[in-house]
$ cat coords-v7.cif   # mmCIF, C-alpha atoms
data_structure
loop_
_atom_site.label_atom_id
_atom_site.label_comp_id
_atom_site.auth_asym_id
_atom_site.auth_seq_id
_atom_site.Cartn_x
_atom_site.Cartn_y
_atom_site.Cartn_z
CA MET A 1 -6.90 -57.66 34.32
CA THR A 2 -5.33 -56.38 31.18
CA MET A 3 -6.04 -53.20 29.23
CA ASP A 4 -5.64 -52.61 25.51
CA LEU A 5 -3.33 -49.59 25.35
CA ARG A 6 -3.08 -49.43 21.57
CA PRO A 7 -5.63 -46.62 21.06
CA ALA A 8 -3.96 -44.55 23.79
CA VAL A 9 -0.49 -45.18 22.34
CA THR A 10 -1.74 -44.29 18.86
CA ALA A 11 -3.32 -41.08 20.18
CA SER A 12 -0.14 -40.19 22.06
CA ARG A 13 1.98 -40.71 18.96
CA SER A 14 -0.48 -38.66 16.92
CA LYS A 15 -0.27 -35.78 19.40
CA ARG A 16 3.55 -35.91 19.40
CA TRP A 17 3.55 -35.90 15.58
CA MET A 18 1.16 -32.95 15.45
CA ALA A 19 3.31 -31.04 17.95
CA LEU A 20 6.43 -31.75 15.87
CA VAL A 21 4.71 -30.52 12.70
CA ALA A 22 3.53 -27.38 14.52
CA CYS A 23 7.07 -26.66 15.75
CA LEU A 24 8.47 -27.10 12.25
CA LEU A 25 5.87 -24.76 10.80
CA LEU A 26 6.64 -22.14 13.41
CA ALA A 27 10.35 -22.49 12.67
CA LEU A 28 9.79 -21.78 8.98
CA PRO A 29 8.54 -18.20 8.57
CA ALA A 30 7.50 -18.83 4.97
CA PHE A 31 4.48 -20.81 6.16
CA GLY A 32 2.37 -17.94 7.48
CA GLN A 33 2.06 -14.95 9.72
CA ARG A 34 3.70 -15.27 13.11
CA GLN A 35 1.35 -13.05 15.11
CA ILE A 36 -1.81 -11.04 14.73
CA ALA A 37 -1.29 -7.88 16.77
CA GLY A 38 -3.80 -5.36 17.99
CA VAL A 39 -3.34 -1.66 17.35
CA ILE A 40 -3.86 0.72 20.27
CA GLY A 41 -3.99 4.50 19.95
CA MET A 42 -4.65 4.65 16.21
CA PRO A 43 -8.28 4.51 14.96
CA PRO A 44 -9.63 2.40 12.11
CA VAL A 45 -10.86 4.26 9.02
CA ARG A 46 -12.60 3.72 5.69
CA PHE A 47 -11.82 5.60 2.44
CA GLY A 48 -8.38 6.03 3.94
CA ALA A 49 -4.69 6.10 3.18
CA LEU A 50 -1.68 5.38 5.36
CA ALA A 51 2.09 5.30 5.06
CA ALA A 52 4.89 4.53 7.52
CA ALA A 53 8.30 6.14 8.00
CA ASP A 54 10.77 6.76 10.81
CA TYR A 55 10.23 10.52 10.87
CA ASP A 56 11.98 11.10 14.22
CA GLY A 57 15.06 8.93 13.70
CA ASP A 58 14.45 6.65 16.68
CA GLY A 59 14.66 3.43 14.65
CA ASP A 60 10.99 2.52 14.44
CA GLU A 61 8.24 3.28 11.94
CA ASP A 62 5.57 5.90 12.55
CA VAL A 63 2.32 6.25 10.58
CA PHE A 64 0.43 9.09 8.92
CA LEU A 65 -3.24 8.12 8.52
CA THR A 66 -6.21 9.71 6.75
CA GLY A 67 -9.81 8.58 6.26
CA GLU A 68 -13.32 8.49 7.64
CA LEU A 69 -13.90 7.41 11.25
CA GLU A 70 -16.68 5.12 12.46
CA ASN A 71 -18.86 8.12 13.37
CA GLY A 72 -18.46 9.64 9.90
CA ASP A 73 -15.95 12.33 10.89
CA VAL A 74 -13.05 12.92 8.51
CA HIS A 75 -9.61 12.40 10.01
CA ALA A 76 -5.89 12.96 9.44
CA ALA A 77 -3.13 12.48 12.00
CA LEU A 78 0.44 11.41 12.59
CA TYR A 79 0.86 8.47 14.97
CA GLN A 80 4.21 7.91 16.65
CA PHE A 81 5.14 4.34 17.53
CA VAL A 82 5.58 3.93 21.31
CA GLU A 83 6.15 0.24 21.99
CA ARG A 84 5.29 -3.34 21.14
CA ARG A 85 3.51 -4.64 24.23
CA VAL A 86 3.34 -8.38 25.06
CA THR A 87 0.71 -9.38 27.64
CA PRO A 88 0.82 -13.00 28.91
CA ILE A 89 -2.56 -14.76 28.86
CA PRO A 90 -2.95 -17.89 31.06
CA MET A 91 -3.49 -21.06 29.02
CA ALA A 92 -3.42 -19.10 25.75
CA SER A 93 -1.10 -17.28 23.40
CA ASP A 94 0.33 -13.97 24.54
CA ARG A 95 -1.55 -10.85 23.47
CA ILE A 96 0.52 -8.61 21.20
CA ASP A 97 -0.30 -4.91 20.79
CA ALA A 98 1.39 -2.13 18.85
CA ILE A 99 1.01 1.09 20.85
CA TYR A 100 0.86 4.46 19.08
CA GLN A 101 0.37 8.01 20.28
CA ARG A 102 -0.97 10.91 18.24
CA VAL A 103 1.38 13.77 17.35
CA ASP A 104 -0.54 16.99 16.88
CA PHE A 105 0.39 19.78 14.47
CA PRO A 106 -1.71 22.04 12.19
CA LYS A 107 -3.18 20.07 9.27
CA ARG A 108 -6.40 19.37 7.39
CA ASP A 109 -8.64 16.35 7.91
CA LEU A 110 -9.29 14.46 4.67
CA LYS A 111 -10.27 11.18 3.03
CA GLY A 112 -10.31 9.55 -0.40
CA GLY A 113 -6.72 10.23 -1.41
CA SER A 114 -3.16 9.12 -0.79
CA VAL A 115 -0.23 9.50 1.60
CA VAL A 116 3.50 9.14 0.90
CA TRP A 117 6.64 10.06 2.83
CA ARG A 118 9.32 11.69 0.65
CA ASP A 119 12.25 14.03 1.28
CA LEU A 120 10.72 16.96 -0.59
CA ASN A 121 13.30 19.61 0.37
CA ASN A 122 16.49 17.52 0.22
CA ASP A 123 17.37 17.87 3.90
CA GLY A 124 17.61 14.13 4.55
CA GLN A 125 14.36 13.90 6.49
CA PRO A 126 11.04 12.41 5.29
CA ASP A 127 8.23 14.88 4.64
CA ILE A 128 4.54 14.12 4.05
CA LEU A 129 2.69 14.51 0.74
CA VAL A 130 -1.04 13.91 1.14
CA THR A 131 -4.11 14.27 -1.08
CA GLY A 132 -7.84 13.81 -0.57
CA LEU A 133 -11.17 15.41 0.10
CA ALA A 134 -10.67 17.91 2.92
CA VAL A 135 -13.18 19.43 5.30
CA GLU A 136 -13.50 23.05 4.21
CA GLU A 137 -16.28 24.02 6.61
CA ALA A 138 -18.39 22.05 9.08
CA THR A 139 -21.55 22.97 10.96
CA THR A 140 -23.99 20.98 13.02
CA THR A 141 -26.12 20.37 9.93
CA SER A 142 -23.70 20.12 7.00
CA THR A 143 -20.09 19.70 5.92
CA VAL A 144 -18.45 21.37 2.93
CA PHE A 145 -15.58 19.44 1.31
CA ARG A 146 -12.88 20.53 -1.10
CA PRO A 147 -10.11 18.63 -2.93
CA ALA A 148 -6.73 19.14 -1.25
CA THR A 149 -3.04 18.45 -1.76
CA ASP A 150 -0.94 19.22 1.31
CA ILE A 151 2.75 19.08 2.10
CA TYR A 152 4.01 18.88 5.69
CA ILE A 153 7.73 19.57 6.01
CA ASN A 154 9.65 17.67 8.68
CA GLY A 155 11.66 20.18 10.68
CA GLY A 156 13.55 17.59 12.71
CA GLY A 157 10.63 15.85 14.40
CA THR A 158 8.17 18.74 14.21
CA PHE A 159 6.13 19.63 11.14
CA PHE A 160 5.07 22.82 9.44
CA VAL A 161 2.69 23.36 6.55
CA ASN A 162 4.07 24.24 3.14
CA GLY A 163 1.40 26.69 2.06
CA THR A 164 3.04 27.81 -1.18
CA SER A 165 3.47 24.56 -3.08
CA GLY A 166 1.34 25.57 -6.07
CA LEU A 167 0.03 22.01 -6.37
CA PRO A 168 -3.66 21.57 -7.25
CA GLY A 169 -5.95 19.91 -4.73
CA VAL A 170 -7.28 16.47 -5.77
CA HIS A 171 -9.32 13.59 -4.43
CA ARG A 172 -10.02 10.17 -5.99
CA SER A 173 -6.32 10.66 -6.31
CA ARG A 174 -2.73 9.53 -5.99
CA ALA A 175 0.44 11.62 -5.66
CA ASP A 176 4.13 10.78 -5.38
CA ALA A 177 7.50 12.47 -5.80
CA ALA A 178 10.83 11.85 -7.58
CA ASP A 179 13.46 13.81 -9.49
CA PHE A 180 12.00 13.66 -12.99
CA ASN A 181 14.23 16.22 -14.77
CA GLY A 182 17.62 15.32 -13.29
CA ASP A 183 18.28 18.59 -11.46
CA GLY A 184 18.61 16.94 -8.05
CA LEU A 185 15.32 18.40 -6.78
CA MET A 186 12.12 16.54 -6.01
CA ASP A 187 9.21 16.87 -8.42
CA VAL A 188 5.60 15.70 -7.96
CA VAL A 189 3.29 13.62 -10.15
CA LEU A 190 -0.38 13.55 -9.24
CA GLY A 191 -3.81 12.92 -10.69
CA GLY A 192 -7.40 13.03 -9.53
CA GLU A 193 -10.51 15.13 -9.32
CA SER A 194 -9.94 18.84 -8.70
CA ASP A 195 -12.34 21.75 -8.30
CA ASN A 196 -12.34 22.04 -12.09
CA GLY A 197 -12.64 18.37 -13.02
CA LEU A 198 -10.10 15.62 -13.57
CA ILE A 199 -6.41 16.47 -13.95
CA MET A 200 -3.09 14.66 -14.16
CA GLY A 201 0.39 16.07 -14.48
CA VAL A 202 3.97 16.45 -13.32
CA TRP A 203 5.00 19.57 -11.37
CA LEU A 204 8.67 20.48 -11.14
CA GLY A 205 10.16 21.53 -7.82
CA ASP A 206 12.52 24.48 -7.33
CA GLY A 207 13.96 23.31 -4.02
CA SER A 208 12.14 25.95 -1.97
CA GLY A 209 8.83 24.09 -1.72
CA SER A 210 7.20 25.57 -4.83
CA PHE A 211 6.20 23.54 -7.87
CA THR A 212 5.35 24.58 -11.45
CA PRO A 213 3.78 22.51 -14.26
CA GLY A 214 6.18 20.38 -16.31
CA PRO A 215 6.36 20.31 -20.12
CA THR A 216 4.04 17.34 -20.78
CA THR A 217 0.27 17.58 -21.13
CA PHE A 218 -1.48 14.42 -19.97
CA GLU A 219 -5.03 13.21 -20.44
CA PRO A 220 -6.77 13.89 -17.11
CA LEU A 221 -7.42 10.85 -14.94
CA ALA A 222 -8.86 9.91 -11.57
CA LEU A 223 -6.20 7.66 -10.08
CA SER A 224 -6.49 4.46 -8.09
CA SER A 225 -2.73 3.69 -8.15
CA LEU A 226 0.60 5.29 -8.98
CA GLY A 227 4.10 3.80 -9.13
CA ILE A 228 7.50 5.32 -10.00
CA SER A 229 10.66 3.57 -11.22
CA ASP A 230 13.44 3.73 -13.81
CA MET A 231 11.80 1.04 -15.92
CA ASP A 232 14.26 1.16 -18.84
CA GLU A 233 17.65 1.65 -17.13
CA ASP A 234 18.29 5.04 -18.75
CA GLY A 235 18.85 6.90 -15.49
CA ASP A 236 15.55 8.78 -15.26
CA MET A 237 12.30 8.03 -13.50
CA ASP A 238 9.21 6.74 -15.32
CA PHE A 239 5.76 6.04 -13.88
CA ILE A 240 2.66 3.86 -14.18
CA VAL A 241 -0.92 4.69 -13.16
CA GLY A 242 -4.26 2.94 -12.87
CA GLY A 243 -7.51 4.87 -12.88
CA PHE A 244 -10.44 6.21 -14.85
CA THR A 245 -10.80 8.64 -17.74
CA SER A 246 -13.27 11.53 -17.67
CA SER A 247 -15.78 9.27 -19.48
CA GLY A 248 -15.45 6.60 -16.77
CA ARG A 249 -13.39 4.16 -18.85
CA PRO A 250 -10.87 2.14 -16.79
CA THR A 251 -7.22 2.36 -17.79
CA VAL A 252 -3.68 1.30 -16.88
CA ARG A 253 -1.02 3.57 -18.43
CA LEU A 254 2.76 3.51 -18.53
CA PHE A 255 4.78 6.69 -19.18
CA GLU A 256 8.41 6.88 -20.28
CA ASN A 257 10.58 9.86 -19.30
CA ASP A 258 12.97 11.51 -21.77
CA GLY A 259 15.18 12.73 -18.92
CA ASN A 260 13.79 16.28 -18.92
CA ALA A 261 10.34 15.45 -17.49
CA GLY A 262 8.96 15.01 -20.99
CA PHE A 263 6.78 11.90 -20.95
CA THR A 264 5.51 9.58 -23.69
CA ARG A 265 2.84 6.97 -23.17
CA VAL A 266 4.10 3.41 -23.77
CA GLU A 267 1.62 0.98 -25.34
CA ALA A 268 2.57 -2.05 -23.26
CA GLY A 269 -0.63 -4.06 -23.72
CA PHE A 270 -1.69 -4.13 -20.09
CA PRO A 271 -5.35 -5.03 -19.46
CA GLU A 272 -7.72 -2.12 -18.89
CA LEU A 273 -9.05 -2.98 -15.44
CA TYR A 274 -11.51 -1.26 -13.12
CA PHE A 275 -10.13 0.09 -9.81
CA ALA A 276 -6.69 -0.97 -10.99
CA ALA A 277 -3.48 -1.20 -8.99
CA ALA A 278 -0.07 -1.24 -10.67
CA ALA A 279 3.41 -1.34 -9.13
CA PHE A 280 7.06 -1.72 -10.20
CA GLY A 281 9.70 -4.13 -8.90
CA ASP A 282 12.73 -5.95 -10.30
CA ILE A 283 11.82 -9.54 -9.44
CA ASP A 284 14.42 -11.28 -11.63
CA PHE A 285 17.65 -9.34 -10.88
CA ASP A 286 18.10 -8.06 -14.44
CA ASN A 287 18.12 -4.40 -13.31
CA ASP A 288 14.91 -3.38 -15.01
CA ALA A 289 11.49 -2.95 -13.47
CA ASP A 290 8.85 -5.65 -13.76
CA ILE A 291 5.20 -4.80 -13.13
CA ILE A 292 2.26 -6.22 -11.21
CA VAL A 293 -1.23 -5.19 -12.32
CA SER A 294 -4.50 -6.06 -10.59
CA GLY A 295 -8.06 -4.84 -11.01
CA GLY A 296 -11.61 -5.72 -12.00
CA GLN A 297 -12.91 -7.15 -15.26
CA LEU A 298 -16.56 -7.12 -16.30
CA ALA A 299 -17.96 -10.62 -15.90
CA PRO A 300 -21.27 -12.49 -15.50
CA THR A 301 -20.97 -11.68 -11.78
CA ILE A 302 -20.73 -7.95 -12.64
CA LEU A 303 -17.06 -7.52 -11.68
CA ARG A 304 -14.37 -10.12 -11.10
CA GLY A 305 -10.75 -9.56 -10.10
CA GLU A 306 -7.64 -10.22 -12.19
CA THR A 307 -3.99 -10.14 -11.11
CA HIS A 308 -1.04 -10.33 -13.51
CA VAL A 309 2.74 -10.13 -13.15
CA PHE A 310 4.63 -8.93 -16.23
CA ARG A 311 8.39 -9.36 -16.73
CA ASN A 312 10.24 -6.52 -18.40
CA GLN A 313 11.88 -7.85 -21.58
CA GLY A 314 13.52 -4.54 -22.51
CA SER A 315 12.61 -2.12 -25.29
CA ASN A 316 9.30 -1.40 -23.51
CA THR A 317 7.97 -4.93 -23.95
CA TYR A 318 6.39 -6.95 -21.13
CA ASN A 319 5.46 -10.63 -21.03
CA GLY A 320 3.04 -12.31 -18.64
CA PHE A 321 4.95 -14.31 -16.04
CA LEU A 322 2.74 -15.81 -13.32
CA SER A 323 -0.54 -17.58 -13.95
CA GLY A 324 -3.27 -18.73 -11.61
CA LEU A 325 -3.05 -15.80 -9.19
CA THR A 326 -6.22 -14.88 -7.32
CA GLY A 327 -7.67 -11.84 -9.08
CA LEU A 328 -8.42 -8.85 -6.86
CA PHE A 329 -9.71 -5.32 -7.47
CA GLY A 330 -10.40 -2.20 -5.45
CA GLY A 331 -7.29 -2.66 -3.30
CA GLY A 332 -3.64 -2.56 -4.24
CA ALA A 333 -0.39 -4.39 -4.87
CA MET A 334 3.26 -3.79 -4.03
CA PHE A 335 6.68 -5.41 -4.33
CA ARG A 336 9.08 -5.33 -1.38
CA ASP A 337 11.79 -7.51 0.15
CA MET A 338 9.70 -9.03 2.91
CA ASP A 339 12.33 -11.27 4.48
CA GLY A 340 15.67 -9.54 3.86
CA ASP A 341 16.96 -12.09 1.35
CA ARG A 342 17.51 -9.40 -1.33
CA ASP A 343 14.78 -10.53 -3.69
CA LEU A 344 11.35 -8.95 -4.06
CA ASP A 345 8.20 -10.53 -2.69
CA PHE A 346 4.73 -9.09 -3.24
CA VAL A 347 1.40 -8.51 -1.54
CA THR A 348 -2.00 -8.04 -3.17
CA TRP A 349 -5.28 -7.07 -1.56
CA GLY A 350 -8.83 -6.26 -2.62
CA GLN A 351 -12.17 -7.81 -3.60
CA GLU A 352 -12.21 -11.10 -5.50
CA ASP A 353 -15.76 -10.96 -6.88
CA LEU A 354 -18.45 -8.32 -6.58
CA SER A 355 -21.09 -11.01 -6.07
CA ASP A 356 -19.45 -12.10 -2.80
CA PRO A 357 -19.91 -9.42 -0.10
CA GLU A 358 -17.26 -11.15 2.06
CA GLY A 359 -14.78 -11.82 -0.75
CA GLN A 360 -12.04 -9.46 0.47
CA LYS A 361 -8.59 -11.03 0.48
CA LEU A 362 -5.05 -10.08 1.48
CA GLN A 363 -2.38 -12.38 0.05
CA VAL A 364 1.40 -12.47 0.52
CA PHE A 365 3.78 -14.20 -1.90
CA GLU A 366 7.42 -15.01 -1.15
CA ASN A 367 9.95 -15.05 -3.97
CA ILE A 368 12.06 -18.22 -3.89
CA ASP A 369 14.28 -18.24 -7.00
CA LEU A 370 11.43 -16.81 -9.08
CA SER A 371 8.99 -19.37 -7.72
CA PHE A 372 6.41 -17.40 -5.76
CA LEU A 373 5.06 -19.24 -2.74
CA GLN A 374 1.83 -17.93 -1.26
CA ILE A 375 2.53 -17.77 2.46
CA SER A 376 -0.64 -16.05 3.69
CA ASP A 377 -4.27 -15.84 2.61
CA LEU A 378 -5.87 -13.38 5.03
CA ARG A 379 -9.22 -11.69 5.31
CA GLY A 380 -9.05 -8.29 3.65
CA VAL A 381 -11.09 -5.12 3.99
CA LEU A 382 -13.39 -2.92 1.94
CA PHE A 383 -12.56 0.77 1.33
CA GLY A 384 -9.23 0.03 2.94
CA ALA A 385 -5.64 1.19 3.25
CA LEU A 386 -2.45 -0.80 3.80
CA ASP A 387 1.29 -0.43 4.23
CA TRP A 388 4.04 -3.04 4.49
CA PHE A 389 6.92 -2.28 6.89
CA ASP A 390 8.93 -3.77 9.75
CA SER A 391 6.96 -2.77 12.81
CA ASP A 392 8.56 -5.14 15.33
CA GLY A 393 12.22 -4.85 14.34
CA ASN A 394 12.74 -8.52 13.45
CA GLY A 395 13.94 -7.84 9.90
CA ARG A 396 10.72 -9.03 8.25
CA LEU A 397 7.99 -6.77 6.92
CA ASP A 398 4.62 -6.65 8.67
CA ILE A 399 1.27 -5.47 7.30
CA LEU A 400 -0.83 -2.71 8.86
CA VAL A 401 -4.30 -2.65 7.34
CA THR A 402 -7.49 -0.75 8.09
CA GLY A 403 -10.93 -0.62 6.48
CA GLU A 404 -14.40 -2.09 6.66
CA GLN A 405 -15.37 -5.66 7.49
CA GLU A 406 -19.05 -6.65 7.63
CA GLY A 407 -20.12 -3.04 8.09
CA SER A 408 -17.73 -2.21 10.94
CA LEU A 409 -14.26 -0.67 10.84
CA THR A 410 -11.15 -2.59 11.82
CA ILE A 411 -7.44 -1.98 12.13
CA VAL A 412 -4.98 -4.84 12.58
CA LEU A 413 -1.26 -5.54 12.31
CA TYR A 414 -0.13 -8.83 10.81
CA GLU A 415 3.38 -9.61 12.05
CA PHE A 416 5.60 -11.95 10.06
#
$ encode --input "coords-v7.cif" --output "structure tokens"
Amino acid sequence: MTMDLRPAVTASRSKRWMALVACLLLALPAFGQRQIAGVIGMPPVRFGALAAADYDGDGDEDVFLTGELENGDVHAALYQFVERRVTPIPMASDRIDAIYQRVDFPKRDLKGGSVVWRDLNNDGQPDILVTGLAVEEATTTSTVFRPATDIYINGGGTFFVNGTSGLPGVHRSRADAADFNGDGLMDVVLGGESDNGLIMGVWLGDGSGSFTPGPTTFEPLALSSLGISDMDEDGDMDFIVGGFTSSGRPTVRLFENDGNAGFTRVEAGFPELYFAAAAFGDIDFDNDADIIVSGGQLAPTILRGETHVFRNQGSNTYNGFLSGLTGLFGGGAMFRDMDGDRDLDFVTWGQEDLSDPEGQKLQVFENIDLSFLQISDLRGVLFGALDWFDSDGNGRLDILVTGEQEGSLTIVLYEF
């Protein structure tokens, strides 16, 4: 009796080929995320903001998080990284979890703003600058909110409130810090909705934690993004914002610094997009800052995303560079060196089309000699927050993201 083994041999060869392809893909990190890790000890939020920094000098990244919890409570807390836990699962991939523990110190709970880590008092340690809508008073029947801008000074692993900053409270807001007037001290740029309406401005620091208004008067804006860079190689810091005017008109605006914190708006021809994100990064090694802009454009489907990358040509001129990118709005964008090869990659996230309730995307692009390869197309979140940092110590940046998916909150870490 003979048996025809050809189908079995063909199937065996097919399986070996598939295994070989899988091994090759795993060996090449540019083909996708390596792990999806759970997050334990840190809650998911909506209308949130988060930022990571090694505040305690132990070599790993910790996270300050703000936003609204699943039960509707407003939240703000610092979460210290404890460990990356690997749990073997029989007949399946190992379970990966990033473990965090909450670090308590006096602070306000808030949502709808921003978080950045900056050395605000020049002591070499990262401090926290946070904005949003803070809980002023809460009872069993009602909650009173108020716009807030808070600074928490890092005293060597413990934090204390800077209660004399002089900065206005804002929500629907962004804030960041840099030395805008060249005196070696950190200054703050912020915009958003205050108790008295929309504002935007630069406040100059005196080194003691107090800030006073700078010389430039800006049109007030509610901000959805804010980026700082020396865009024109003149040794001072400029900035770009996306947001809304007091009449509700969307805008993306670029401001050039004269070196003394005097700013002039640059008419760069960027599209005026709803819920815009804009960020700087030198993608072509010519020592000036290129720009990514994403946001929403009115369309037959109400609102559709657009994403553009503009190369800096000098003399405050920018030319479109990449075409065919998936347009996203209501999220963000950032340039960073994801893989340690000294060139800048980028990530974009947000909603592709308002007509698609599940159209949230999170996309990562790797820079390979100015050819950008999309290496991940992940499910994004609504009303979300994201940061891009090396959480597992392998030299590649990972993505921590939280927000709403299908009506429920989620928090997840994509490891690369």
$ atom_distance --input "coords-v7.cif" --atom1 "CA of Val45 (chain A)" --atom2 "CA of Thr402 (chain A)"
6.1 Å
$ residues_near_point --input "coords-v7.cif" --point "(13.3, 14.2, 1.8)" --cutoff "12 Å" --atoms "all atoms listed in the file" --output "NGL selection string"
:A and (53-55 or 116-129 or 151-156 or 177-179 or 184-187 or 207 or 209)
$ resolve_selection --input "coords-v7.cif" --expression "the PyMOL selection byres ((chain A and resi 241) around 10)" --output "list of chain:residue names"
A:Arg174, A:Leu190, A:Gly191, A:Leu221, A:Ala222, A:Leu223, A:Ser224, A:Ser225, A:Leu226, A:Gly227, A:Ile228, A:Phe239, A:Ile240, A:Gly242, A:Gly243, A:Phe244, A:Thr251, A:Val252, A:Arg253, A:Leu254, A:Phe255, A:Ala276, A:Ala277, A:Ala278, A:Ala279, A:Val293
$ resolve_selection --input "coords-v7.cif" --expression "the PyMOL selection byres ((chain A and resi 218) around 7)" --output "MDAnalysis selection string"
chainID A and resid 200:201 216:217 219:220
$ resolve_selection --input "coords-v7.cif" --expression "the PyMOL selection byres ((chain A and resi 258-271) around 6)" --output "mmCIF file with C-alpha atoms, in the coordinates of the input"
data_model
loop_
_atom_site.group_PDB
_atom_site.id
_atom_site.type_symbol
_atom_site.label_atom_id
_atom_site.label_comp_id
_atom_site.auth_asym_id
_atom_site.auth_seq_id
_atom_site.Cartn_x
_atom_site.Cartn_y
_atom_site.Cartn_z
ATOM 1 C CA PHE A 180 12.000 13.660 -12.990
ATOM 2 C CA ASN A 181 14.230 16.220 -14.770
ATOM 3 C CA PRO A 215 6.360 20.310 -20.120
ATOM 4 C CA THR A 216 4.040 17.340 -20.780
ATOM 5 C CA ASP A 236 15.550 8.780 -15.260
ATOM 6 C CA LEU A 254 2.760 3.510 -18.530
ATOM 7 C CA PHE A 255 4.780 6.690 -19.180
ATOM 8 C CA GLU A 256 8.410 6.880 -20.280
ATOM 9 C CA ASN A 257 10.580 9.860 -19.300
ATOM 10 C CA GLU A 272 -7.720 -2.120 -18.890
ATOM 11 C CA LEU A 273 -9.050 -2.980 -15.440
#
$ atom_distance --input "coords-v7.cif" --atom1 "CA of Gly380 (chain A)" --atom2 "CA of Gly41 (chain A)"
21.3 Å
$ residues_around --input "coords-v7.cif" --residues "region 232-235 of chain A" --least-positions-apart "4" --cutoff "8 Å" --atoms "all atoms listed in the file" --output "list in words"
Gly259, Asn287, Asp288, Ala289, Gly314, Ser315 and Asn316 of chain A
$ closest_residue --input "coords-v7.cif" --among "A:Ala37, A:Ala52, A:Asn71, A:Arg108" --to "Glu137 (chain A)" --atoms "only C-alpha atoms"
A:Arg108
$ closest_atom_pairs --input "coords-v7.cif" --of "region 245-318 of chain A" --to "region 369-378 of chain A" --cutoff "12 Å" --atoms "all atoms listed in the file" --output "JSON lines"
{"residue": "A:Asp282", "atom": "CA", "partner": "A:Leu370", "partner_atom": "CA", "distance": 11.0}
{"residue": "A:Ile283", "atom": "CA", "partner": "A:Leu370", "partner_atom": "CA", "distance": 7.3}
{"residue": "A:Asp284", "atom": "CA", "partner": "A:Leu370", "partner_atom": "CA", "distance": 6.8}
{"residue": "A:Phe285", "atom": "CA", "partner": "A:Leu370", "partner_atom": "CA", "distance": 9.9}
{"residue": "A:Val309", "atom": "CA", "partner": "A:Phe372", "partner_atom": "CA", "distance": 11.0}
{"residue": "A:Arg311", "atom": "CA", "partner": "A:Leu370", "partner_atom": "CA", "distance": 11.1}
$ atom_distance --input "coords-v7.cif" --atom1 "CA of Arg146 (chain A)" --atom2 "CA of His171 (chain A)"
8.5 Å
$ residues_near_point --input "coords-v7.cif" --point "(-5.1, -7.0, 14.0)" --cutoff "9 Å" --atoms "all atoms listed in the file" --output "PyMOL selection string"
chain A and resi 35-39+97+400-402+410-414
$ write_last_selection --input "coords-v7.cif" --atoms "C-alpha atoms" --output "PDB file, in the frame of the given file"
ATOM      1  CA  GLN A  35       1.350 -13.050  15.110  1.00  0.00           C
ATOM      2  CA  ILE A  36      -1.810 -11.040  14.730  1.00  0.00           C
ATOM      3  CA  ALA A  37      -1.290  -7.880  16.770  1.00  0.00           C
ATOM      4  CA  GLY A  38      -3.800  -5.360  17.990  1.00  0.00           C
ATOM      5  CA  VAL A  39      -3.340  -1.660  17.350  1.00  0.00           C
ATOM      6  CA  ASP A  97      -0.300  -4.910  20.790  1.00  0.00           C
ATOM      7  CA  LEU A 400      -0.830  -2.710   8.860  1.00  0.00           C
ATOM      8  CA  VAL A 401      -4.300  -2.650   7.340  1.00  0.00           C
ATOM      9  CA  THR A 402      -7.490  -0.750   8.090  1.00  0.00           C
ATOM     10  CA  THR A 410     -11.150  -2.590  11.820  1.00  0.00           C
ATOM     11  CA  ILE A 411      -7.440  -1.980  12.130  1.00  0.00           C
ATOM     12  CA  VAL A 412      -4.980  -4.840  12.580  1.00  0.00           C
ATOM     13  CA  LEU A 413      -1.260  -5.540  12.310  1.00  0.00           C
ATOM     14  CA  TYR A 414      -0.130  -8.830  10.810  1.00  0.00           C
TER      15      TYR A 414
END
$ closest_residue --input "coords-v7.cif" --among "A:Ala148, A:Val364, A:Leu397, A:Ile99" --to "Ser194 (chain A)" --atoms "only C-alpha atoms"
A:Ala148
$ closest_residue --input "coords-v7.cif" --among "A:Gly112, A:Val103, A:Ile291, A:Gly197" --to "Thr245 (chain A)" --atoms "only C-alpha atoms"
A:Gly197
$ residues_around --input "coords-v7.cif" --residues "Ile368 (chain A)" --least-positions-apart "6" --cutoff "12 Å" --atoms "only C-alpha atoms" --output "list in words"
Ala30, Ile283, Asp284, Asp337, Met338, Asp339, Asp341, Arg342, Asp343, Leu344, Asp345, Phe346, Gln374 and Ile375 of chain A
$ write_last_selection --input "coords-v7.cif" --atoms "C-alpha atoms" --output "PDB file, keeping the file's coordinate frame"
ATOM      1  CA  ALA A  30       7.500 -18.830   4.970  1.00  0.00           C
ATOM      2  CA  ILE A 283      11.820  -9.540  -9.440  1.00  0.00           C
ATOM      3  CA  ASP A 284      14.420 -11.280 -11.630  1.00  0.00           C
ATOM      4  CA  ASP A 337      11.790  -7.510   0.150  1.00  0.00           C
ATOM      5  CA  MET A 338       9.700  -9.030   2.910  1.00  0.00           C
ATOM      6  CA  ASP A 339      12.330 -11.270   4.480  1.00  0.00           C
ATOM      7  CA  ASP A 341      16.960 -12.090   1.350  1.00  0.00           C
ATOM      8  CA  ARG A 342      17.510  -9.400  -1.330  1.00  0.00           C
ATOM      9  CA  ASP A 343      14.780 -10.530  -3.690  1.00  0.00           C
ATOM     10  CA  LEU A 344      11.350  -8.950  -4.060  1.00  0.00           C
ATOM     11  CA  ASP A 345       8.200 -10.530  -2.690  1.00  0.00           C
ATOM     12  CA  PHE A 346       4.730  -9.090  -3.240  1.00  0.00           C
ATOM     13  CA  GLN A 374       1.830 -17.930  -1.260  1.00  0.00           C
ATOM     14  CA  ILE A 375       2.530 -17.770   2.460  1.00  0.00           C
TER      15      ILE A 375
END
$ residues_around --input "coords-v7.cif" --residues "region 75-79 of chain A" --least-positions-apart "4" --cutoff "7 Å" --atoms "all atoms listed in the file" --output "PyMOL selection string"
chain A and resi 42+62-69+100-103+108-110
